[in-house]
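Q: Structure incoming, see below.
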Amino acid sequence: MRRHRTSTIAVVIAPLALAAALAGCSGGSSEPQTPSASPEQVEGASQLAMIRAHQLASLRLYEQDQAAKANKHAGHPAEEIFFSLSRSLRSQDAALTAELRTSLKKSKDLVLAGAPVAELKASFEQGWKILGTAETVLVPDDIRNTAAFRGAVVSNLLGIVEGEYEEAVVGGEMKMEIEYQDAWGALQVATERFDAERGDFGKDAAEISEHLEVLGTYLPGVEPPAKVVDSELVAQEVGAVRGDIDRAT
């Protein structure tokens with residue numbers, strides 16, 4: 001499985017979703033076609049989601065008095081993600097792009113300054129509102145509100161979980177804790193999005209939820225458990241849930 005890095009977030013389009021999109025482009029049908037997301041739109045939404053993932057990891061670590069670790073995750077959005085994201089966002093809303101940059105810097109500065117947890121949390125939450133607005137700018141409502149788009153973003157985030165965990169755990173041993181934390185953050189956001197959009201997944205929602213719960217036991221907190229599961233187990237659960245998303249959307 002190709003690894004997914006937060007600095008270059010690969011877009012994973014589910015085979016069935018892609019087939020549906022191609023079918024929608026074919027002629028010969030008088031019925032209106034559901035708009036389909038472009039790879040760039042899914043990538044943009046995934047990048048925004050990974051900013052939140054890093055910041056969730058940063059906040060949880062900060063709450064546990066792990067300021068040095070929290071600082072790394074607070075810095076990743078600006079250092080690894082914003083640069084690639086900003087070009088497409090700036091072309092559509094330069095003011096919002098600048099607002100996002102300022103928000104990322106403010107949160108990182110608060111971590112460095114040892115600010116109260118409540119102040120850092122408020123800063124992150126304000127930034128998450130900006131992320132939500134940015135997604136509406138990058139992805140029109142008629143696409144963003146489709147099950148295919150929502151499923152593609154959740155699937156993509158789960159691919160990141162798999163890739164980051166594979167780098168973190170080698171031979172059943174924790175080798176790179178920060179990559180585990182990246183995977184944990186991506187899983188939190190993927191689960192949040194699924195829970196908020198559960199109705200899009202129809203009869204497959206219950207099975208998807210079960211797989212996500214299993215993944216949650218594999219990555220139970222932002223700090224790795226004393227005994228980690230092998231990366232193959234994480235890959236199996238991710239593959240299963242992505243297959244369910246394919247069928248549902």
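Identifiers in this document derive from the order of the structure tokens: chains are assigned A, B, ..., residues are numbered from 1 separately in each chain, and ligands are numbered from 1 in order of occurrence.
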Mind the document's chain letters and residue numbers, and return as an NGL selection string the residues of range 6-170 of chain A that DSSP labels helix (DSSP H, G or I).
A: :A and (15-25 or 39-63 or 67-92 or 94-113 or 117-138 or 141-144 or 147-168)
Q: If you count only C-alpha atoms, which residues fall within 12 Å of Leu110 in chain A, apart from same-chain ones fewer than 3 positions away, as a VMD selection string?
A: chain A and resid 58 to 59 62 67 70 to 71 74 to 75 103 to 107 113 to 124
Q: Closest to Ser155 in chain A among A:Pro225, A:Gly127, A:Gly243, A:Gly44, using only C-alpha atoms?
A: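 Checking each candidate against Ser155 in chain A, we get A:Gly243 as the closest.
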Q: Do you know which residues are at most 12 Å from range 231-239 of chain A counting only C-alpha atoms, after dropping those on the same chain fewer than 4 positions away, and could you put them as a ChimeraX atom specification?
A: /A:1-3,14,154-175,180,183-184,187,190,207-219,243-246
Q: At what distance in Å, to one decimal, does CA of Ala148 in chain A lie from CA of Asp200 in chain A?
A: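 Straight-line distance from CA of Asp200 in chain A to CA of Ala148 in chain A works out to 8.6 Å.
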Q: Under the rule that only C-alpha atoms are counted, which of A:Ala206, A:Ala37, A:Ile81, A:Ala226 is the nearest residue to Asp142 in chain A?
A: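 Closest to Asp142 in chain A, using only C-alpha atoms: A:Ala37.
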Q: For the atom pair CA of Thr191 in chain A and CA of Leu48 in chain A, what is the interatomic distance in Å to one decimal place?
A: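 Straight-line distance from CA of Thr191 in chain A to CA of Leu48 in chain A works out to 15.1 Å.
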Q: Can you measure CA of Val222 in chain A to CA of Gln181 in chain A for me? One decimal in Å is fine.
A: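 Atom-to-atom, CA of Val222 in chain A to CA of Gln181 in chain A, that is 5.5 Å.
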Q: Can you tell me, as a count of residues only, which residues in chain A count as strand (DSSP E) by DSSP?
A: 4
Q: Could you check which of A:Leu61, A:Gly199, A:Ala98, A:Ser84 is closest to Thr146 in chain A, using only C-alpha atoms?
A: A:Gly199
Q: So which residues touch range 128-134 of chain A within 9 Å, counting only C-alpha atoms, skipping near sequence neighbours fewer than 4 positions away, as a ChimeraX atom specification?
A: /A:45,48-49,51-52,89,93,96-97,99-100,103,123-124,138-139
Q: At a cut-off of 7 Å, using only C-alpha atoms, what residues contact Thr249 in chain A? Leave out same-chain residues fewer than 5 positions from it and give the result as a PyMOL selection string.
A: chain A and resi 17+147-148+151+201
Q: Go ahead and save the picked residues with C-alpha atoms, as a CSV table (one decimal), in the first residue's frame.
A:
```csv
chain,number,residue,atom,x,y,z
A,17,ALA,CA,-16.8,6.1,-6.9
A,147,ALA,CA,-22.1,11.0,-0.4
A,148,ALA,CA,-19.4,10.2,-2.9
A,151,GLY,CA,-17.0,9.1,1.5
A,201,PHE,CA,-23.6,5.4,4.2
```
